>>> print(open('protein-v6.pdb').read())   # PDB, C-alpha atoms
MODEL        1
ATOM      1  CA  HIS K  26     -32.614  35.947  22.951
ATOM      2  CA  GLY K  27     -32.831  32.585  21.213
ATOM      3  CA  PHE K  28     -31.479  31.057  18.056
ATOM      4  CA  PRO K  29     -33.368  32.458  15.043
ATOM      5  CA  GLY K  30     -33.311  29.298  12.948
ATOM      6  CA  GLN K  31     -34.154  25.613  12.775
ATOM      7  CA  ILE K  32     -31.898  23.406  14.940
ATOM      8  CA  GLY K  33     -31.405  19.693  14.316
ATOM      9  CA  LEU K  34     -29.623  17.067  16.383
ATOM     10  CA  GLY K  35     -27.574  13.973  15.685
ATOM     11  CA  ILE K  36     -25.448  11.547  17.624
ATOM     12  CA  CYS K  37     -22.497   9.412  16.566
ATOM     13  CA  MET K  38     -23.798   6.699  14.237
ATOM     14  CA  ASP K  39     -26.757   8.749  12.957
ATOM     15  CA  ILE K  40     -24.511  10.058  10.187
ATOM     16  CA  ASN K  41     -23.810   6.550   8.810
ATOM     17  CA  PRO K  42     -26.126   4.429   6.649
ATOM     18  CA  TYR K  43     -28.887   2.992   8.852
ATOM     19  CA  GLU K  44     -27.592  -0.217  10.482
ATOM     20  CA  PHE K  45     -24.966  -0.215   7.678
ATOM     21  CA  LYS K  46     -27.643  -1.907   5.563
ATOM     22  CA  ALA K  47     -29.001   1.177   3.802
ATOM     23  CA  PRO K  48     -27.179   2.197   0.619
ATOM     24  CA  TYR K  49     -24.206   4.491   1.304
ATOM     25  CA  SER K  50     -25.796   6.966  -1.104
ATOM     26  CA  ALA K  51     -29.111   7.131   0.810
ATOM     27  CA  PHE K  52     -27.747   9.874   3.134
ATOM     28  CA  GLU K  53     -30.701   9.451   5.528
ATOM     29  CA  PHE K  54     -29.309  11.827   8.168
ATOM     30  CA  ALA K  55     -28.426  14.629   5.751
ATOM     31  CA  ASN K  56     -31.628  14.234   3.749
ATOM     32  CA  PHE K  57     -33.722  14.367   6.919
ATOM     33  CA  HIS K  58     -32.116  17.684   7.880
ATOM     34  CA  ARG K  59     -32.471  19.024   4.329
ATOM     35  CA  GLU K  60     -36.185  18.154   4.307
ATOM     36  CA  GLN K  61     -36.689  19.728   7.751
ATOM     37  CA  GLY K  62     -34.957  22.972   6.755
ATOM     38  CA  THR K  63     -32.334  22.588   9.476
ATOM     39  CA  GLN K  64     -29.894  25.498   9.639
ATOM     40  CA  LEU K  65     -27.741  24.312  12.548
ATOM     41  CA  VAL K  66     -26.963  20.622  13.061
ATOM     42  CA  LEU K  67     -25.596  19.856  16.534
ATOM     43  CA  PHE K  68     -23.717  16.551  16.421
ATOM     44  CA  SER K  69     -22.434  14.844  19.572
ATOM     45  CA  SER K  70     -20.187  11.858  19.078
ATOM     46  CA  ALA K  71     -17.646   9.364  20.364
ATOM     47  CA  TRP K  72     -16.222   8.894  16.855
ATOM     48  CA  CYS K  73     -13.193   6.617  16.733
ATOM     49  CA  ASN K  74     -10.746   5.476  14.106
ATOM     50  CA  SER K  75     -10.893   1.744  14.901
ATOM     51  CA  HIS K  76     -13.227  -0.978  16.102
ATOM     52  CA  PRO K  77     -12.741  -4.114  18.242
ATOM     53  CA  GLU K  78     -12.303  -6.396  15.196
ATOM     54  CA  ASP K  79      -9.650  -4.169  13.523
ATOM     55  CA  SER K  80      -5.976  -5.116  13.415
ATOM     56  CA  LEU K  81      -3.709  -4.008  16.246
ATOM     57  CA  GLU K  82      -1.847  -1.860  13.706
ATOM     58  CA  ARG K  83      -5.057  -0.005  12.810
ATOM     59  CA  LYS K  84      -5.911   0.437  16.497
ATOM     60  CA  ARG K  85      -2.528   2.087  17.065
ATOM     61  CA  THR K  86      -2.921   4.513  14.153
ATOM     62  CA  PRO K  87      -3.456   8.045  15.477
ATOM     63  CA  PRO K  88      -6.602   9.822  14.268
ATOM     64  CA  ASN K  89      -6.234  12.159  11.306
ATOM     65  CA  LEU K  90      -8.134  15.458  11.455
ATOM     66  CA  LEU K  91      -8.723  15.814   7.708
ATOM     67  CA  GLU K  92      -9.724  12.163   7.302
ATOM     68  CA  THR K  93     -12.384  12.591   9.995
ATOM     69  CA  LEU K  94     -13.676  15.916   8.619
ATOM     70  CA  ASN K  95     -13.799  14.580   5.066
ATOM     71  CA  TYR K  96     -15.792  11.542   6.155
ATOM     72  CA  TRP K  97     -18.354  13.727   7.922
ATOM     73  CA  LEU K  98     -18.566  16.060   4.919
ATOM     74  CA  ASN K  99     -19.055  13.139   2.557
ATOM     75  CA  ARG K 100     -21.943  11.891   4.689
ATOM     76  CA  LEU K 101     -23.503  15.386   4.564
ATOM     77  CA  GLN K 102     -23.430  15.730   0.765
ATOM     78  CA  PRO K 103     -27.165  16.531   0.356
ATOM     79  CA  LEU K 104     -26.554  19.617   2.531
ATOM     80  CA  ILE K 105     -23.433  20.842   0.710
ATOM     81  CA  GLY K 106     -24.169  24.182  -0.944
ATOM     82  CA  SER K 107     -26.853  25.060   1.598
ATOM     83  CA  GLU K 108     -26.769  27.671   4.350
ATOM     84  CA  VAL K 109     -26.264  25.028   7.039
ATOM     85  CA  LEU K 110     -23.793  24.897   9.915
ATOM     86  CA  PHE K 111     -22.584  21.560  11.319
ATOM     87  CA  ALA K 112     -21.251  21.787  14.890
ATOM     88  CA  VAL K 113     -19.545  18.705  16.318
ATOM     89  CA  ALA K 114     -18.614  17.860  19.900
ATOM     90  CA  ASN K 115     -16.500  14.711  19.639
ATOM     91  CA  ARG K 116     -14.782  12.676  22.328
ATOM     92  CA  VAL K 117     -10.980  12.601  22.627
ATOM     93  CA  GLY K 118      -8.627  10.175  24.352
ATOM     94  CA  SER K 119      -8.636   6.391  24.450
ATOM     95  CA  GLU K 120     -10.237   3.433  26.166
ATOM     96  CA  SER K 121      -9.213  -0.225  26.393
ATOM     97  CA  PHE K 122     -10.787  -2.870  24.174
ATOM     98  CA  ALA K 123     -10.312  -5.381  27.061
ATOM     99  CA  PRO K 124     -14.069  -5.432  27.907
ATOM    100  CA  PHE K 125     -14.572  -6.803  24.381
ATOM    101  CA  GLN K 126     -11.871  -9.467  24.949
ATOM    102  CA  ARG K 127      -9.762  -7.699  22.317
ATOM    103  CA  GLU K 128      -6.248  -6.313  22.359
ATOM    104  CA  GLY K 129      -5.420  -2.603  22.123
ATOM    105  CA  ASP K 130      -7.259   0.633  22.775
ATOM    106  CA  VAL K 131      -9.935   2.526  20.933
ATOM    107  CA  ILE K 132      -8.672   6.011  20.099
ATOM    108  CA  PHE K 133     -11.357   8.664  19.790
ATOM    109  CA  CYS K 134     -10.896  11.089  16.910
ATOM    110  CA  GLY K 135     -11.512  14.424  18.598
ATOM    111  CA  ALA K 136     -11.802  16.962  15.779
ATOM    112  CA  SER K 137     -14.631  18.906  17.440
ATOM    113  CA  CYS K 138     -15.447  21.632  14.950
ATOM    114  CA  VAL K 139     -17.887  23.977  13.262
ATOM    115  CA  LEU K 140     -18.295  23.550   9.512
ATOM    116  CA  SER K 141     -20.171  25.778   7.101
ATOM    117  CA  LEU K 142     -21.704  23.541   4.460
ATOM    118  CA  LYS K 143     -22.274  26.413   2.004
ATOM    119  CA  ALA K 144     -18.826  26.271   0.357
ATOM    120  CA  PRO K 145     -17.983  24.032   2.490
ATOM    121  CA  SER K 146     -15.457  25.509   4.895
ATOM    122  CA  LEU K 147     -13.988  24.809   8.287
ATOM    123  CA  LEU K 148     -14.862  27.705  10.603
ATOM    124  CA  THR K 149     -12.986  26.399  13.629
ATOM    125  CA  ALA K 150     -11.712  23.088  14.980
ATOM    126  CA  LEU K 151      -9.831  21.407  17.767
ATOM    127  CA  ASP K 152      -7.149  18.905  16.837
ATOM    128  CA  THR K 153      -7.613  15.174  17.323
ATOM    129  CA  ASP K 154      -6.017  15.081  20.785
ATOM    130  CA  VAL K 155      -7.255  18.371  22.267
ATOM    131  CA  GLU K 156      -9.771  18.273  25.102
ATOM    132  CA  ALA K 157     -11.327  21.730  25.412
ATOM    133  CA  VAL K 158     -14.498  23.731  25.026
ATOM    134  CA  LEU K 159     -14.818  25.107  21.494
ATOM    135  CA  VAL K 160     -16.732  28.365  21.067
ATOM    136  CA  LYS K 161     -17.521  29.996  17.720
ATOM    137  CA  ASP K 162     -19.823  32.940  17.027
ATOM    138  CA  VAL K 163     -21.726  32.389  13.783
ATOM    139  CA  GLN K 164     -24.248  34.258  11.667
ATOM    140  CA  VAL K 165     -27.416  32.364  10.872
ATOM    141  CA  PRO K 166     -28.944  33.000   7.443
ATOM    142  CA  PRO K 167     -32.562  34.148   7.121
ATOM    143  CA  ARG K 168     -34.982  31.222   7.402
ATOM    144  CA  GLY K 169     -35.857  31.091   3.695
ATOM    145  CA  ASP K 170     -32.220  30.703   2.573
ATOM    146  CA  ALA K 171     -31.456  27.406   4.302
ATOM    147  CA  THR K 172     -31.454  23.862   3.022
ATOM    148  CA  ARG K 173     -34.416  23.432   0.712
ATOM    149  CA  SER K 174     -32.577  24.915  -2.286
ATOM    150  CA  ARG K 175     -30.493  21.758  -2.869
ATOM    151  CA  THR K 176     -31.687  19.016  -5.165
ATOM    152  CA  PRO K 177     -30.679  15.318  -5.049
ATOM    153  CA  GLU K 178     -28.913  15.701  -8.416
ATOM    154  CA  ASP K 179     -26.368  17.986  -6.726
ATOM    155  CA  VAL K 180     -25.207  15.276  -4.303
ATOM    156  CA  GLU K 181     -22.582  13.453  -6.375
ATOM    157  CA  ARG K 182     -19.713  15.949  -6.347
ATOM    158  CA  PRO K 183     -16.706  15.177  -4.096
ATOM    159  CA  VAL K 184     -16.103  17.232  -0.982
ATOM    160  CA  ALA K 185     -12.875  18.247   0.776
ATOM    161  CA  ALA K 186     -12.115  20.325   3.835
ATOM    162  CA  ALA K 187      -8.917  22.008   4.907
ATOM    163  CA  PRO K 188      -8.120  23.969   8.041
ATOM    164  CA  SER K 189      -8.317  27.709   7.515
TER     165      SER K 189
ENDMDL
END
>>> encode(input="protein-v6.pdb", output="structure tokens")
Amino acid sequence: HGFPGQIGLGICMDINPYEFKAPYSAFEFANFHREQGTQLVLFSSAWCNSHPEDSLERKRTPPNLLETLNYWLNRLQPLIGSEVLFAVANRVGSESFAPFQREGDVIFCGASCVLSLKAPSLLTALDTDVEAVLVKDVQVPPRGDATRSRTPEDVERPVAAAPS
């Protein structure tokens, strides 16, 4: 039997402002899924905590689980309070910046997880350095109870996540 709700997809940079030119508050990715009535967002990523132009010190900083989760939650603000699940498969490990003629390694953030955006709450997660398959059974709300209940005025409140 199949999934009884609306599934939406996203990859890596989809969650950020478009080309980093759109206003941070535009929330294009989250608003798209809100408008579509998405109940389960599947998000595949190679999210990292540094970029080729960052300082060597920043490149050596280990990823922080809560920092990563909070960033994702902040980018999903239009969906907070809705019956939406956000499931992330994120790369772990590191790779050299040498192909970019830069020093250091890129460290991928891991933090694969399943978040409920209703409260929001962390349903399950892998730590930043764990390579594994994450499985979580979830209940999907009836179709009419999903994302369309949120209004743009509700977007401004801060969001935080903590492991349960």
>>> atom_distance(input="protein-v6.pdb", atom1="CA of Met38 (chain K)", atom2="CA of Thr153 (chain K)")
18.5 Å
>>> resolve_selection(input="protein-v6.pdb", expression="the PyMOL selection byres ((chain K and resi 122-132) around 10)", output="number ranges by chain")
K: 71-88, 116-121, 133-135, 153-154
>>> residues_around(input="protein-v6.pdb", residues="Val109 (chain K)", least_positions_apart="3", cutoff="10 Å", atoms="only C-alpha atoms", output="PDB file with C-alpha atoms, in the coordinates of the input")
ATOM      1  CA  GLN K  31     -34.154  25.613  12.775  1.00  0.00           C
ATOM      2  CA  ILE K  32     -31.898  23.406  14.940  1.00  0.00           C
ATOM      3  CA  HIS K  58     -32.116  17.684   7.880  1.00  0.00           C
ATOM      4  CA  ARG K  59     -32.471  19.024   4.329  1.00  0.00           C
ATOM      5  CA  GLY K  62     -34.957  22.972   6.755  1.00  0.00           C
ATOM      6  CA  THR K  63     -32.334  22.588   9.476  1.00  0.00           C
ATOM      7  CA  GLN K  64     -29.894  25.498   9.639  1.00  0.00           C
ATOM      8  CA  LEU K  65     -27.741  24.312  12.548  1.00  0.00           C
ATOM      9  CA  VAL K  66     -26.963  20.622  13.061  1.00  0.00           C
ATOM     10  CA  LEU K 104     -26.554  19.617   2.531  1.00  0.00           C
ATOM     11  CA  ILE K 105     -23.433  20.842   0.710  1.00  0.00           C
ATOM     12  CA  GLY K 106     -24.169  24.182  -0.944  1.00  0.00           C
ATOM     13  CA  ALA K 112     -21.251  21.787  14.890  1.00  0.00           C
ATOM     14  CA  LEU K 140     -18.295  23.550   9.512  1.00  0.00           C
ATOM     15  CA  SER K 141     -20.171  25.778   7.101  1.00  0.00           C
ATOM     16  CA  LEU K 142     -21.704  23.541   4.460  1.00  0.00           C
ATOM     17  CA  LYS K 143     -22.274  26.413   2.004  1.00  0.00           C
ATOM     18  CA  PRO K 145     -17.983  24.032   2.490  1.00  0.00           C
ATOM     19  CA  VAL K 165     -27.416  32.364  10.872  1.00  0.00           C
ATOM     20  CA  PRO K 166     -28.944  33.000   7.443  1.00  0.00           C
ATOM     21  CA  ASP K 170     -32.220  30.703   2.573  1.00  0.00           C
ATOM     22  CA  ALA K 171     -31.456  27.406   4.302  1.00  0.00           C
ATOM     23  CA  THR K 172     -31.454  23.862   3.022  1.00  0.00           C
TER      24      THR K 172
END
>>> residues_around(input="protein-v6.pdb", residues="Phe52 (chain K)", least_positions_apart="3", cutoff="12 Å", atoms="only C-alpha atoms", output="list of chain:residue names")
K:Asp39, K:Ile40, K:Asn41, K:Pro42, K:Tyr43, K:Phe45, K:Ala47, K:Pro48, K:Tyr49, K:Ala55, K:Asn56, K:Phe57, K:His58, K:Arg59, K:Glu60, K:Trp97, K:Leu98, K:Asn99, K:Arg100, K:Leu101, K:Gln102, K:Pro103, K:Leu104, K:Pro177, K:Val180, K:Glu181
>>> atom_distance(input="protein-v6.pdb", atom1="CA of Leu94 (chain K)", atom2="CA of Gln61 (chain K)")
23.3 Å
>>> closest_residue(input="protein-v6.pdb", among="K:Leu90, K:Leu34, K:Ala51, K:Leu159", to="Ala114 (chain K)", atoms="all atoms listed in the file")
K:Leu159
>>> atom_distance(input="protein-v6.pdb", atom1="CA of Ala157 (chain K)", atom2="CA of Gly33 (chain K)")
23.0 Å
>>> residues_around(input="protein-v6.pdb", residues="Ala150 (chain K)", least_positions_apart="5", cutoff="9 Å", atoms="only C-alpha atoms", output="JSON, numbers by chain")
{"K": [136, 137, 138, 139, 140, 159, 188]}
>>> closest_residue(input="protein-v6.pdb", among="K:Cys37, K:Val155, K:Val113, K:Val163", to="Ser70 (chain K)", atoms="all atoms listed in the file")
K:Cys37
